[in-house]
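Peer 1: Following this line is input.cif, made up of mmCIF, C-alpha atoms and all ligand atoms:
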```
data_query
#
loop_
_atom_site.label_atom_id
_atom_site.label_comp_id
_atom_site.auth_asym_id
_atom_site.auth_seq_id
_atom_site.Cartn_x
_atom_site.Cartn_y
_atom_site.Cartn_z
CA MET A 27 6.34 32.99 -9.90
CA ASN A 28 3.56 32.40 -12.43
CA PRO A 29 1.43 29.25 -12.17
CA ILE A 30 3.22 26.35 -13.91
CA PRO A 31 1.36 24.94 -16.93
CA GLN A 32 0.58 21.24 -16.57
CA ASP A 33 2.70 20.26 -19.54
CA LYS A 34 5.76 21.99 -18.04
CA GLN A 35 5.57 20.44 -14.57
CA GLN A 36 7.45 17.19 -15.24
CA ALA A 37 10.27 19.16 -16.86
CA LEU A 38 10.44 21.43 -13.80
CA VAL A 39 10.59 18.45 -11.42
CA ASP A 40 13.28 16.85 -13.61
CA ARG A 41 15.34 20.04 -13.72
CA LEU A 42 15.22 20.52 -9.95
CA THR A 43 15.98 16.83 -9.34
CA GLN A 44 19.04 17.14 -11.56
CA ALA A 45 20.00 20.39 -9.87
CA CYS A 46 20.20 18.45 -6.59
CA GLY A 47 23.14 16.60 -8.11
CA ALA A 48 25.05 13.88 -6.28
CA SER A 49 23.07 11.11 -7.91
CA TYR A 50 24.72 7.80 -8.77
CA SER A 51 24.71 6.09 -12.13
CA PRO A 52 22.63 2.94 -12.65
CA GLU A 53 25.91 0.95 -12.83
CA VAL A 54 27.02 2.19 -9.42
CA ARG A 55 23.56 1.55 -7.93
CA ARG A 56 23.66 -2.03 -9.19
CA ARG A 57 26.70 -2.79 -7.00
CA TYR A 58 24.51 -2.85 -3.89
CA PHE A 59 22.12 -5.64 -2.89
CA ILE A 60 19.15 -3.29 -3.20
CA THR A 61 15.77 -4.86 -3.89
CA GLY A 62 12.65 -3.15 -5.17
CA PRO A 63 9.23 -4.49 -4.20
CA GLN A 64 6.45 -4.68 -6.78
CA TRP A 65 4.01 -3.41 -4.17
CA ALA A 66 6.03 -0.29 -3.31
CA ALA A 67 6.21 0.99 -6.88
CA ALA A 68 2.63 -0.04 -7.66
CA TYR A 69 1.20 1.56 -4.50
CA GLU A 70 -1.55 3.91 -5.61
CA GLY A 71 -1.72 6.02 -2.46
CA HIS A 72 -4.83 4.41 -0.99
CA ALA A 73 -5.39 3.73 2.72
CA LEU A 74 -8.25 3.52 5.18
CA PHE A 75 -8.85 7.27 4.94
CA HIS A 76 -7.28 7.82 1.53
CA ALA A 77 -8.50 7.36 -2.02
CA PRO A 78 -5.79 6.50 -4.55
CA THR A 79 -3.85 9.39 -6.06
CA ARG A 80 -1.99 7.34 -8.67
CA SER A 81 -3.18 5.05 -11.45
CA PRO A 82 -2.45 1.31 -11.65
CA ILE A 83 0.75 0.17 -13.33
CA THR A 84 1.79 -3.20 -14.68
CA LEU A 85 4.53 -5.46 -13.40
CA GLU A 86 6.32 -4.96 -16.72
CA LYS A 87 6.43 -1.21 -16.14
CA VAL A 88 7.76 -1.61 -12.57
CA ILE A 89 10.51 -3.99 -13.68
CA GLU A 90 11.44 -1.80 -16.65
CA GLU A 91 11.66 1.35 -14.51
CA TYR A 92 13.67 -0.42 -11.78
CA GLY A 93 16.03 -1.56 -14.53
CA LYS A 94 16.50 1.98 -15.80
CA ILE A 95 17.15 3.35 -12.31
CA GLY A 96 19.65 0.57 -11.53
CA ILE A 97 17.69 -1.34 -8.87
CA PRO A 98 19.09 -4.79 -9.53
CA TYR A 99 16.52 -7.01 -7.78
CA TRP A 100 12.74 -7.22 -7.75
CA CYS A 101 10.45 -8.91 -5.21
CA THR A 102 6.73 -9.49 -4.91
CA HIS A 103 3.78 -10.93 -3.04
CA ASP A 104 2.04 -13.73 -4.92
CA THR A 105 -1.14 -11.64 -5.30
CA ASP A 106 0.63 -8.40 -6.25
CA VAL A 107 0.98 -10.04 -9.65
CA ILE A 108 -1.37 -13.04 -9.70
CA PRO A 109 -5.01 -12.36 -8.77
CA THR A 110 -6.10 -14.66 -5.92
CA ASP A 111 -8.57 -16.50 -8.15
CA ASP A 112 -5.86 -17.24 -10.73
CA LEU A 113 -3.44 -18.85 -8.26
CA PHE A 114 -2.92 -22.59 -8.87
CA THR A 115 -4.29 -22.23 -12.44
CA PRO A 116 -2.59 -22.05 -15.86
CA LYS A 117 -3.01 -18.27 -15.60
CA GLN A 118 -0.42 -18.37 -12.79
CA ASP A 119 2.14 -20.06 -15.07
CA GLU A 120 1.43 -17.55 -17.78
CA ILE A 121 2.06 -14.62 -15.40
CA VAL A 122 5.22 -16.23 -13.99
CA GLY A 123 6.37 -16.60 -17.62
CA ARG A 124 5.71 -12.89 -18.21
CA ILE A 125 7.73 -12.02 -15.10
CA LYS A 126 10.68 -14.13 -16.26
CA THR A 127 10.65 -12.49 -19.68
CA SER A 128 10.45 -9.04 -18.18
CA LEU A 129 13.25 -9.64 -15.65
CA ALA A 130 15.53 -11.04 -18.36
CA LYS A 131 14.75 -8.20 -20.75
CA ASN A 132 15.61 -5.54 -18.16
CA GLY A 133 18.57 -7.29 -16.52
CA LEU A 134 16.93 -7.77 -13.09
CA LYS A 135 16.77 -10.79 -10.82
CA CYS A 136 14.01 -11.85 -8.44
CA SER A 137 15.39 -11.79 -4.89
CA MET A 138 12.37 -12.62 -2.78
CA VAL A 139 8.78 -13.82 -2.85
CA THR A 140 6.17 -13.46 -0.15
CA THR A 141 2.65 -14.72 0.38
CA GLU A 142 -0.16 -12.25 0.94
CA THR A 143 -1.85 -13.50 4.13
CA PHE A 144 -3.51 -10.30 5.31
CA HIS A 145 -5.68 -8.70 2.60
CA HIS A 146 -8.11 -11.27 1.22
CA ALA A 147 -11.32 -12.17 3.07
CA VAL A 148 -10.07 -15.73 3.55
CA TRP A 149 -7.58 -14.34 6.11
CA ALA A 150 -10.25 -12.59 8.23
CA ALA A 151 -9.32 -14.81 11.20
CA SER A 152 -5.66 -14.97 10.08
CA ALA A 153 -3.75 -17.66 8.18
CA ALA A 154 -3.60 -19.63 11.45
CA ALA A 155 -7.38 -19.57 11.93
CA GLU A 156 -9.37 -22.16 13.87
CA SER A 157 -10.75 -23.54 10.61
CA GLN A 158 -8.67 -26.38 9.25
CA ASP A 159 -9.76 -25.42 5.72
CA VAL A 160 -8.19 -21.99 6.09
CA ARG A 161 -4.98 -23.45 7.50
CA GLU A 162 -4.70 -26.04 4.74
CA TYR A 163 -5.29 -23.33 2.16
CA ALA A 164 -2.57 -21.23 3.85
CA ALA A 165 -0.16 -24.17 3.68
CA ARG A 166 -0.89 -24.58 -0.05
CA ARG A 167 -0.42 -20.86 -0.59
CA VAL A 168 3.00 -20.69 1.08
CA ALA A 169 4.14 -23.85 -0.74
CA ASN A 170 2.95 -22.32 -4.01
CA THR A 171 4.88 -19.12 -3.28
CA VAL A 172 8.02 -21.15 -2.57
CA ALA A 173 7.54 -22.93 -5.92
CA ILE A 174 7.19 -19.57 -7.69
CA GLY A 175 10.30 -18.37 -5.87
CA HIS A 176 12.37 -21.29 -7.18
CA GLU A 177 10.94 -20.81 -10.67
CA LEU A 178 12.05 -17.15 -10.60
CA GLY A 179 15.44 -17.86 -9.03
CA ALA A 180 14.70 -16.17 -5.67
CA GLN A 181 16.83 -16.73 -2.56
CA TYR A 182 14.42 -15.49 0.09
CA ALA A 183 10.81 -15.91 1.20
CA VAL A 184 9.30 -13.38 3.61
CA TYR A 185 6.32 -13.79 5.95
CA TRP A 186 4.58 -10.83 7.51
CA PRO A 187 1.92 -12.33 9.82
CA GLY A 188 0.06 -9.05 10.21
CA SER A 189 -3.32 -10.72 10.67
CA LEU A 190 -2.03 -13.00 13.43
CA GLY A 191 -3.77 -11.35 16.35
CA TYR A 192 -7.16 -10.10 17.38
CA TYR A 193 -9.50 -7.18 17.92
CA VAL A 194 -11.47 -8.60 20.83
CA GLN A 195 -9.93 -10.34 23.82
CA GLY A 196 -10.43 -13.96 24.73
CA ALA A 197 -11.82 -15.10 21.39
CA ILE A 198 -8.65 -16.88 20.27
CA ASP A 199 -6.16 -19.04 22.13
CA GLU A 200 -2.78 -17.39 21.53
CA THR A 201 -0.82 -20.55 22.35
CA GLN A 202 -2.75 -22.69 19.90
CA THR A 203 -2.72 -19.98 17.22
CA LEU A 204 1.06 -19.77 17.41
CA ARG A 205 1.31 -23.56 17.08
CA TRP A 206 -0.86 -23.39 13.97
CA PHE A 207 1.27 -20.54 12.62
CA ALA A 208 4.34 -22.72 13.14
CA ASP A 209 2.61 -25.49 11.16
CA GLY A 210 2.31 -23.03 8.26
CA ILE A 211 6.01 -22.12 8.37
CA ASN A 212 6.85 -25.83 8.66
CA ALA A 213 4.75 -26.53 5.56
CA ALA A 214 6.67 -23.84 3.66
CA CYS A 215 10.06 -25.25 4.71
CA GLU A 216 9.10 -28.86 3.91
CA ALA A 217 7.77 -27.84 0.49
CA ASP A 218 10.96 -25.86 -0.04
CA ILE A 219 13.20 -28.83 0.75
CA GLU A 220 11.36 -30.94 -1.83
CA ILE A 221 11.14 -28.29 -4.54
CA ALA A 222 14.76 -27.21 -4.07
CA LYS A 223 15.87 -30.82 -4.54
CA LYS A 224 13.89 -31.05 -7.78
CA HIS A 225 15.37 -27.80 -9.10
CA ASN A 226 18.82 -28.68 -7.83
CA ARG A 227 18.94 -25.37 -5.98
CA PRO A 228 19.65 -24.45 -2.37
CA THR A 229 16.60 -23.97 -0.18
CA LEU A 230 15.30 -20.45 0.35
CA LYS A 231 15.98 -18.38 3.44
CA HIS A 232 12.64 -17.92 5.19
CA ALA A 233 12.41 -14.56 6.94
CA LEU A 234 9.73 -13.49 9.42
CA GLU A 235 8.76 -9.83 9.57
CA ALA A 236 7.23 -8.26 12.68
CA LYS A 237 5.09 -5.15 12.96
CA PRO A 238 3.88 -4.03 16.39
CA PHE A 239 0.52 -2.49 15.45
CA GLU A 240 -1.79 -2.86 12.43
CA PRO A 241 -3.80 -4.42 10.98
CA GLN A 242 -4.89 -6.29 14.13
CA ALA A 243 -5.44 -4.41 17.37
CA GLU A 244 -3.21 -6.87 19.25
CA ILE A 245 -0.48 -8.75 17.45
CA LEU A 246 0.83 -12.14 18.59
CA LEU A 247 4.36 -11.65 17.21
CA PRO A 248 4.75 -7.87 17.44
CA THR A 249 8.54 -7.49 17.44
CA SER A 250 11.64 -9.09 15.97
CA ASP A 251 12.55 -10.24 19.47
CA ALA A 252 9.20 -12.01 19.84
CA MET A 253 9.95 -13.72 16.55
CA LEU A 254 13.39 -14.81 17.74
CA ALA A 255 11.72 -16.46 20.71
CA PHE A 256 9.25 -18.11 18.30
CA ILE A 257 12.04 -19.38 16.03
CA PHE A 258 13.86 -20.93 19.00
CA SER A 259 10.65 -22.17 20.70
CA GLY A 260 10.94 -25.74 19.45
CA LEU A 261 7.78 -25.41 17.34
CA LEU A 262 9.70 -25.16 14.06
CA LYS A 263 10.89 -28.31 12.33
CA HIS A 264 13.67 -26.46 10.49
CA PRO A 265 14.67 -23.50 12.67
CA ASP A 266 17.93 -23.26 10.75
CA MET A 267 15.98 -22.27 7.61
CA VAL A 268 14.05 -19.52 9.39
CA GLY A 269 15.30 -16.07 10.35
CA LEU A 270 14.17 -12.46 10.37
CA ASN A 271 13.26 -9.69 7.99
CA PRO A 272 13.22 -6.74 10.40
CA GLU A 273 11.80 -3.52 9.03
CA TYR A 274 13.50 -0.36 10.30
CA LEU A 275 10.24 1.46 10.94
CA HIS A 276 8.46 -1.51 12.49
CA GLU A 277 11.11 -1.63 15.20
CA LEU A 278 11.02 2.14 15.67
CA MET A 279 7.22 2.12 15.89
CA TRP A 280 7.13 0.27 19.21
CA GLY A 281 9.84 2.47 20.64
CA ALA A 282 12.86 0.28 20.01
CA ALA A 283 16.29 1.46 18.98
CA PRO A 284 16.33 -0.26 15.56
CA ARG A 285 20.10 -0.65 15.76
CA ALA A 286 19.80 -2.59 19.01
CA SER A 287 17.07 -4.81 17.51
CA LEU A 288 19.32 -5.53 14.56
CA ALA A 289 22.23 -6.26 16.89
CA ARG A 290 20.14 -8.88 18.72
CA ALA A 291 19.20 -10.48 15.39
CA LEU A 292 22.85 -10.49 14.32
CA LEU A 293 23.93 -12.14 17.57
CA CYS A 294 21.43 -14.93 16.91
CA LYS A 295 22.64 -15.19 13.27
CA LYS A 296 19.09 -14.53 12.16
CA LEU A 297 19.40 -11.27 10.25
CA PHE A 298 18.45 -12.69 6.84
CA HIS A 299 16.78 -9.75 5.10
CA PHE A 300 16.18 -6.08 5.95
CA ASP A 301 13.31 -3.75 4.95
CA ILE A 302 14.64 -0.22 4.73
CA ASN A 303 12.47 2.83 5.25
CA ASP A 304 11.90 5.57 7.80
CA GLY A 305 9.24 7.12 10.02
CA TYR A 306 8.38 8.10 13.55
CA ARG A 307 8.16 6.43 16.96
CA LEU A 308 4.74 5.38 18.26
CA LYS A 309 2.91 6.30 15.06
CA HIS A 310 1.28 4.14 12.41
CA ASP A 311 3.25 2.49 9.60
CA VAL A 312 4.00 5.63 7.58
CA ASP A 313 6.64 3.85 5.46
CA ILE A 314 8.60 6.96 4.49
CA ALA A 315 11.64 6.44 2.27
CA VAL A 316 15.00 5.73 3.89
CA GLY A 317 16.87 8.61 5.50
CA LEU A 318 14.16 11.29 5.27
CA VAL A 319 13.35 11.30 8.98
CA ASN A 320 16.24 9.82 10.92
CA PRO A 321 19.41 10.11 8.81
CA LEU A 322 21.72 10.11 11.84
CA ASP A 323 20.14 6.97 13.23
CA TRP A 324 20.28 5.39 9.79
CA LEU A 325 23.97 6.17 9.51
CA ASN A 326 24.53 4.41 12.81
CA VAL A 327 22.45 1.42 11.72
CA LEU A 328 24.61 1.03 8.63
CA VAL A 329 27.79 1.33 10.69
CA LEU A 330 26.58 -1.67 12.70
CA LEU A 331 25.67 -3.68 9.60
CA ARG A 332 28.97 -2.90 7.86
CA THR A 333 30.93 -3.71 11.03
CA TYR A 334 29.30 -7.14 11.30
CA ASN A 335 29.35 -7.87 7.55
CA TYR A 336 25.62 -8.10 6.92
CA ASN A 337 25.40 -9.19 3.29
CA GLY A 338 21.67 -9.75 2.76
CA PRO A 339 19.23 -7.60 0.79
CA PHE A 340 18.27 -4.02 1.53
CA ASN A 341 14.63 -3.98 0.52
CA LEU A 342 13.07 -0.62 -0.37
CA ASP A 343 9.86 -1.31 1.53
CA TYR A 344 8.46 2.19 1.64
CA LYS A 345 5.48 3.94 0.14
CA PRO A 346 6.06 6.83 -2.23
CA PRO A 347 3.94 9.63 -0.69
CA ARG A 348 0.47 10.30 -2.06
CA THR A 349 1.69 13.68 -3.27
CA THR A 350 4.14 12.03 -5.67
CA SER A 351 2.75 11.41 -9.16
CA ASN A 352 3.02 8.23 -11.21
CA TYR A 353 5.85 9.94 -13.07
CA GLY A 354 7.47 11.09 -9.82
CA VAL A 355 7.55 7.53 -8.42
CA PHE A 356 10.31 6.61 -10.87
CA SER A 357 11.82 10.02 -11.60
CA VAL A 358 12.10 11.25 -7.99
CA SER A 359 11.05 8.75 -5.34
CA PHE A 360 13.01 5.58 -6.14
CA PRO A 361 16.24 7.11 -7.48
CA THR A 362 16.55 9.51 -4.54
CA ALA A 363 15.80 6.74 -2.02
CA VAL A 364 18.48 4.53 -3.55
CA ASP A 365 20.97 7.40 -3.61
CA ARG A 366 20.38 8.31 0.04
CA PHE A 367 20.93 4.69 0.98
CA ILE A 368 24.19 4.49 -0.99
CA THR A 369 25.42 7.77 0.47
CA LEU A 370 24.65 6.63 4.02
CA TRP A 371 26.30 3.27 3.34
CA GLU A 372 29.47 4.96 2.11
CA MET A 373 29.41 7.40 5.04
CA ALA A 374 29.20 4.42 7.35
CA GLY A 375 32.52 3.39 5.83
CA ASP A 376 33.87 6.85 6.74
CA VAL A 377 32.71 6.38 10.34
CA ILE A 378 34.39 2.99 10.56
CA SER A 379 37.71 4.26 9.22
CA ASP A 380 37.68 7.67 10.94
CA PRO A 381 40.94 8.02 12.92
CA ILE A 382 39.35 10.12 15.66
CA ILE A 383 36.53 7.66 16.28
CA LYS A 384 38.96 4.78 16.06
CA GLU A 385 41.38 6.22 18.58
CA ALA A 386 38.58 7.25 20.92
CA THR A 387 37.00 3.79 20.74
CA ASP A 388 40.34 2.06 21.31
CA ALA A 389 41.06 4.32 24.28
CA LEU A 390 37.66 3.55 25.82
CA LYS A 391 38.29 -0.17 25.42
CA SER A 392 41.76 0.12 26.95
CA GLY A 393 40.26 1.97 29.91
CA GLY A 394 42.05 4.21 32.37
CA ALA A 395 45.25 3.23 34.10
CA GLY A 396 45.88 2.74 37.76
CA ALA A 397 42.54 1.61 39.14
CA ASP A 398 42.57 -0.17 42.48
CA GLN A 399 40.11 -3.09 42.07
CA LYS A 400 39.33 -3.01 45.77
CA ASN A 401 38.33 0.62 45.71
CA VAL A 402 35.23 1.59 43.74
CA LYS A 403 36.07 5.30 43.94
CA SER A 404 39.44 4.63 42.35
CA ILE A 405 37.75 2.72 39.45
CA VAL A 406 35.49 5.73 38.84
CA GLU A 407 38.41 8.17 38.94
CA ALA A 408 40.56 6.03 36.65
CA ASN A 409 37.99 6.16 33.82
CA LYS A 410 36.24 9.46 34.43
CA GLU A 411 37.95 11.70 31.87
CA LEU A 412 37.98 9.05 29.17
CA LEU A 413 34.20 8.77 29.23
CA SER A 414 33.78 12.25 27.72
CA LEU A 415 34.80 10.49 24.51
CA HIS A 416 31.29 9.03 24.21
CA GLU A 417 29.91 12.47 23.47
CA LEU A 418 32.85 13.31 21.25
CA ILE A 419 32.23 10.19 19.16
CA ALA A 420 28.57 11.21 18.72
CA HIS A 421 29.70 14.70 17.64
CA ARG A 422 32.16 13.21 15.16
CA ILE A 423 29.43 11.02 13.64
CA PHE A 424 27.28 14.14 13.23
CA GLN A 425 30.23 15.86 11.55
CA ILE A 426 30.58 12.95 9.15
CA LEU A 427 26.84 13.11 8.40
CA ILE A 428 27.07 16.75 7.40
CA GLY A 429 30.47 16.50 5.72
CA ALA A 430 32.37 18.58 8.30
CA HIS A 431 35.10 15.91 8.38
CA ARG A 432 35.77 16.85 4.76
CA GLY A 433 35.98 20.54 5.50
CA ARG A 434 32.38 21.71 5.23
CA LYS A 435 31.92 24.66 7.54
CA TYR A 436 30.09 27.95 7.81
CA SER A 437 32.06 31.15 8.27
CA VAL A 438 29.97 33.04 10.71
C1 LIG A 501 2.97 -4.99 3.78
C2 LIG A 501 3.77 -4.63 5.01
C3 LIG A 501 5.21 -4.66 4.70
C4 LIG A 501 5.68 -6.07 4.45
C5 LIG A 501 5.11 -6.65 3.23
C6 LIG A 501 5.58 -8.08 3.11
S1 LIG A 501 3.41 -6.53 3.20
O1 LIG A 501 3.15 -4.06 2.78
O2 LIG A 501 3.35 -3.37 5.48
O3 LIG A 501 5.95 -4.11 5.74
O4 LIG A 501 7.07 -6.05 4.30
O5 LIG A 501 4.57 -8.98 3.20
MN MN A 502 8.12 -4.47 5.44
MN MN A 503 6.04 -0.73 7.25
#
```
Rewrite the coordinates I just gave you, this time as C-alpha cells.
Peer 2:
Amino acid sequence: MNPIPQDKQQALVDRLTQACGASYSPEVRRRYFITGPQWAAAYEGHALFHAPTRSPITLEKVIEEYGKIGIPYWCTHDTDVIPTDDLFTPKQDEIVGRIKTSLAKNGLKCSMVTTETFHHAVWAASAAAESQDVREYAARRVANTVAIGHELGAQYAVYWPGSLGYYVQGAIDETQTLRWFADGINAACEADIEIAKKHNRPTLKHALEAKPFEPQAEILLPTSDAMLAFIFSGLLKHPDMVGLNPEYLHELMWGAAPRASLARALLCKKLFHFDINDGYRLKHDVDIAVGLVNPLDWLNVLVLLRTYNYNGPFNLDYKPPRTTSNYGVFSVSFPTAVDRFITLWEMAGDVISDPIIKEATDALKSGGAGADQKNVKSIVEANKELLSLHELIAHRIFQILIGAHRGRKYSV
C-alpha cells in the first residue's frame, strides 16, 4: 500500500469505521443512561511521562459532539470548565450560563458534577489536610460544586479522594484525616439539603469513588469496600445520601473481581453511579475504553447489574488513547465505546433469558435428589454430576459473547 496522504487519512478512518458496521443510531444510544465526562473527551494525552498528543477543545465542542453521537448526559469537574481562580466569581456564573445554553442547544442533560480535589497545589496535603484553611476551602469548594449541580439539573455528585493518603509513613494521622474527610462530605450534604430546598429539587446522590493506587503512594480509602466501611462508620451525618461510584478498572487494579465488588455495593444499596472502562490487573490506571480488554468479564458484570435492576448512570470514564487524534476522539473512540457497551448490555439480556443457562441454574439450585443428611459422602454423590453445569454455564456465556448461540460457527 502507498503512504496515505494526510488529507486522505480521516476519510480512510471513517470508511473503515463504517465498514465495521453494527453501530447504533444516536436515537438508540440515547435510550441508555450513558454519561460522557468533559474530562474524558478533553483529555489531551498528557501524563507524567507523556506530552499531549491532542489540542485543547472547548466545553461547547464536547457537548456538541456528544449530542451528535447520541450520548445523552454530560458531567464535569468544577475546574474542567471553570479555572480555579474564577471559582466563586461572576466568571463562574458566566461559564455555568454557557454550559446551560450549550446543553439545551444540543439536547443533553447534566447528570453529575464533581469537585477537583487532587490537581491544584492547594491539595498538596489533600482536601483533608491538617490546615484548617485548606479544609474550610475544601468545604466551600464542595458546596459550590453542589450549587452548580443544582443549577445545571444534575442528580449526582462524585468524590474521588485520590490525594487522601501519603508518600511517607507516619507524617499524617490516618484516623484524624478520615474524620476530617468526613467533615468535608458532611459539609457537601448539609449544603445540598439547603440548596435543594431553595431550588425545590431532591438532594443529590453523593457517590464516593475509590482507586487503590495513584496519585498517593498509600491511599486511605483504596477500595469500594473500604468506602462502604467509611459510609457506615458513624462519621457521616447523612449516610443515606452517600453511596459509591465504583470504577470497573479501579476494582480490577487491586486484584478484585469487579463483579463481586459491585455485588457487595448492591447488597448495601450503595451502588449509586458506575464508571465504565477497562484495563489490566495490578497495573496503573490505564483507563482503556469499555470492553477492549475484558469483554467476557464485562458481559458478566452487566448480567449482574441487569439481574439486580441497577438503574444509575454508566459513565464513560476512560481516556481515548494518545494515538487517537482530536478527530478520532469523536469519530472513533466515543461512538465505538458506546456501541460496545450497548452490545454487551443487550447480550447480558441474552444470557439472562438463555434457556440452557436458565435450566442449568435452576437445576443447580434444586440440587441432587436422595442425599442422606447424616452422611457427607452421600451429599457429595447426590450433587456430583450436577456440578459440571458450572463449566457448561461458563461455556454458554462464551458462546453468547461470540454469537455461537445464534448460529455463528466455523466449518473446519
Ligand atoms: C480522575 C480519576 C477518575 C475519576 C474522576 C472523578 S477524576 O480522572 O482518574 O477515575 O472518576 O473525579
Ligand atoms: Mn473514575
Ligand atoms: Mn481510572
Peer 1: List all protein, DNA and RNA residues that have an atom no more than 6 Å from any atom of ligand MN 502 (chain A), counting all atoms listed in the file, and report them as a PyMOL selection string.
Peer 2: chain A and resi 273+301+343
Peer 1: Show which residues sit within 10 Å of Ile382 in chain A, as a VMD selection string. Count only C-alpha atoms, and ignore same-chain residues fewer than 3 positions away.
Peer 2: chain A and resid 377 379 385 to 388 415 418 to 419 422
Peer 1: How about saving the chosen residues, C-alpha atoms kept, as a PDB file, in the frame of the given file?
Peer 2:
```
ATOM      1  CA  VAL A 377      32.710   6.380  10.340  1.00  0.00           C
ATOM      2  CA  SER A 379      37.710   4.260   9.220  1.00  0.00           C
ATOM      3  CA  GLU A 385      41.380   6.220  18.580  1.00  0.00           C
ATOM      4  CA  ALA A 386      38.580   7.250  20.920  1.00  0.00           C
ATOM      5  CA  THR A 387      37.000   3.790  20.740  1.00  0.00           C
ATOM      6  CA  ASP A 388      40.340   2.060  21.310  1.00  0.00           C
ATOM      7  CA  LEU A 415      34.800  10.490  24.510  1.00  0.00           C
ATOM      8  CA  LEU A 418      32.850  13.310  21.250  1.00  0.00           C
ATOM      9  CA  ILE A 419      32.230  10.190  19.160  1.00  0.00           C
ATOM     10  CA  ARG A 422      32.160  13.210  15.160  1.00  0.00           C
TER      11      ARG A 422
END
```
Peer 1: Set the cut-off to 9 Å, count all atoms listed in the file, and list whatever residues fall near ligand LIG 501 (chain A) as a PyMOL selection string.
Peer 2: chain A and resi 63+65-66+102-103+139-144+184-188+235-237+240+271-273+275-276+301+311+313+341+343-345
Peer 1: Which one is closest to His176 in chain A: A:Val319, A:Ala430, A:Ile97, A:Cys136? Count only C-alpha atoms.
Peer 2: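 Comparing A:Val319, A:Ala430, A:Ile97, A:Cys136 against His176 in chain A, the winner is A:Cys136.
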Peer 1: Please provide the set of residues having any atom within 12 Å of Ala147 in chain A, restricted to only C-alpha atoms, with same-chain residues fewer than 6 positions apart removed, written as a PyMOL selection string.
Peer 2: chain A and resi 110+153+160+189
Peer 1: Please provide as a list in words all residues within 8 Å of range 219-231 of chain A, with the sequence filter that same-chain residues fewer than 3 positions apart are discarded (counting all atoms listed in the file).
Peer 2: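 That gives Val172, Ala173, His176, Ala180, Gln181, Tyr182, Ala183, Cys215, Glu216, Met267, Val268, Gly269 and Phe298 of chain A.
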Peer 1: Starting from the sparse input, extend range 212-223 of chain A to N, CA, C and O atoms and give the output as a short mmCIF file (atom, residue, chain, number, x, y, z; two decimals), in the coordinates of the input.
Peer 2:
```cif
data_model
loop_
_atom_site.label_atom_id
_atom_site.label_comp_id
_atom_site.auth_asym_id
_atom_site.auth_seq_id
_atom_site.Cartn_x
_atom_site.Cartn_y
_atom_site.Cartn_z
N ASN A 212 6.30 -24.49 8.90
CA ASN A 212 6.85 -25.83 8.66
C ASN A 212 6.46 -26.33 7.27
O ASN A 212 7.29 -26.92 6.56
N ALA A 213 5.21 -26.08 6.88
CA ALA A 213 4.75 -26.53 5.56
C ALA A 213 5.58 -25.85 4.47
O ALA A 213 5.97 -26.48 3.48
N ALA A 214 5.87 -24.56 4.66
CA ALA A 214 6.67 -23.84 3.66
C ALA A 214 8.08 -24.43 3.57
O ALA A 214 8.60 -24.66 2.47
N CYS A 215 8.68 -24.72 4.72
CA CYS A 215 10.06 -25.25 4.71
C CYS A 215 10.09 -26.65 4.10
O CYS A 215 11.00 -26.97 3.31
N GLU A 216 9.11 -27.49 4.46
CA GLU A 216 9.10 -28.86 3.91
C GLU A 216 8.91 -28.83 2.40
O GLU A 216 9.60 -29.54 1.66
N ALA A 217 7.99 -27.96 1.94
CA ALA A 217 7.77 -27.84 0.49
C ALA A 217 9.06 -27.36 -0.16
O ALA A 217 9.48 -27.86 -1.22
N ASP A 218 9.73 -26.42 0.50
CA ASP A 218 10.96 -25.86 -0.04
C ASP A 218 12.02 -26.94 -0.22
O ASP A 218 12.67 -27.05 -1.27
N ILE A 219 12.17 -27.78 0.81
CA ILE A 219 13.20 -28.83 0.75
C ILE A 219 12.96 -29.72 -0.47
O ILE A 219 13.89 -30.03 -1.23
N GLU A 220 11.70 -30.06 -0.69
CA GLU A 220 11.36 -30.94 -1.83
C GLU A 220 11.58 -30.24 -3.18
O GLU A 220 12.22 -30.78 -4.08
N ILE A 221 11.06 -29.01 -3.26
CA ILE A 221 11.14 -28.29 -4.54
C ILE A 221 12.59 -27.95 -4.87
O ILE A 221 13.03 -28.06 -6.02
N ALA A 222 13.35 -27.56 -3.85
CA ALA A 222 14.76 -27.21 -4.07
C ALA A 222 15.52 -28.41 -4.63
O ALA A 222 16.34 -28.28 -5.53
N LYS A 223 15.21 -29.60 -4.07
CA LYS A 223 15.87 -30.82 -4.54
C LYS A 223 15.58 -31.02 -6.03
O LYS A 223 16.47 -31.28 -6.83
#
```
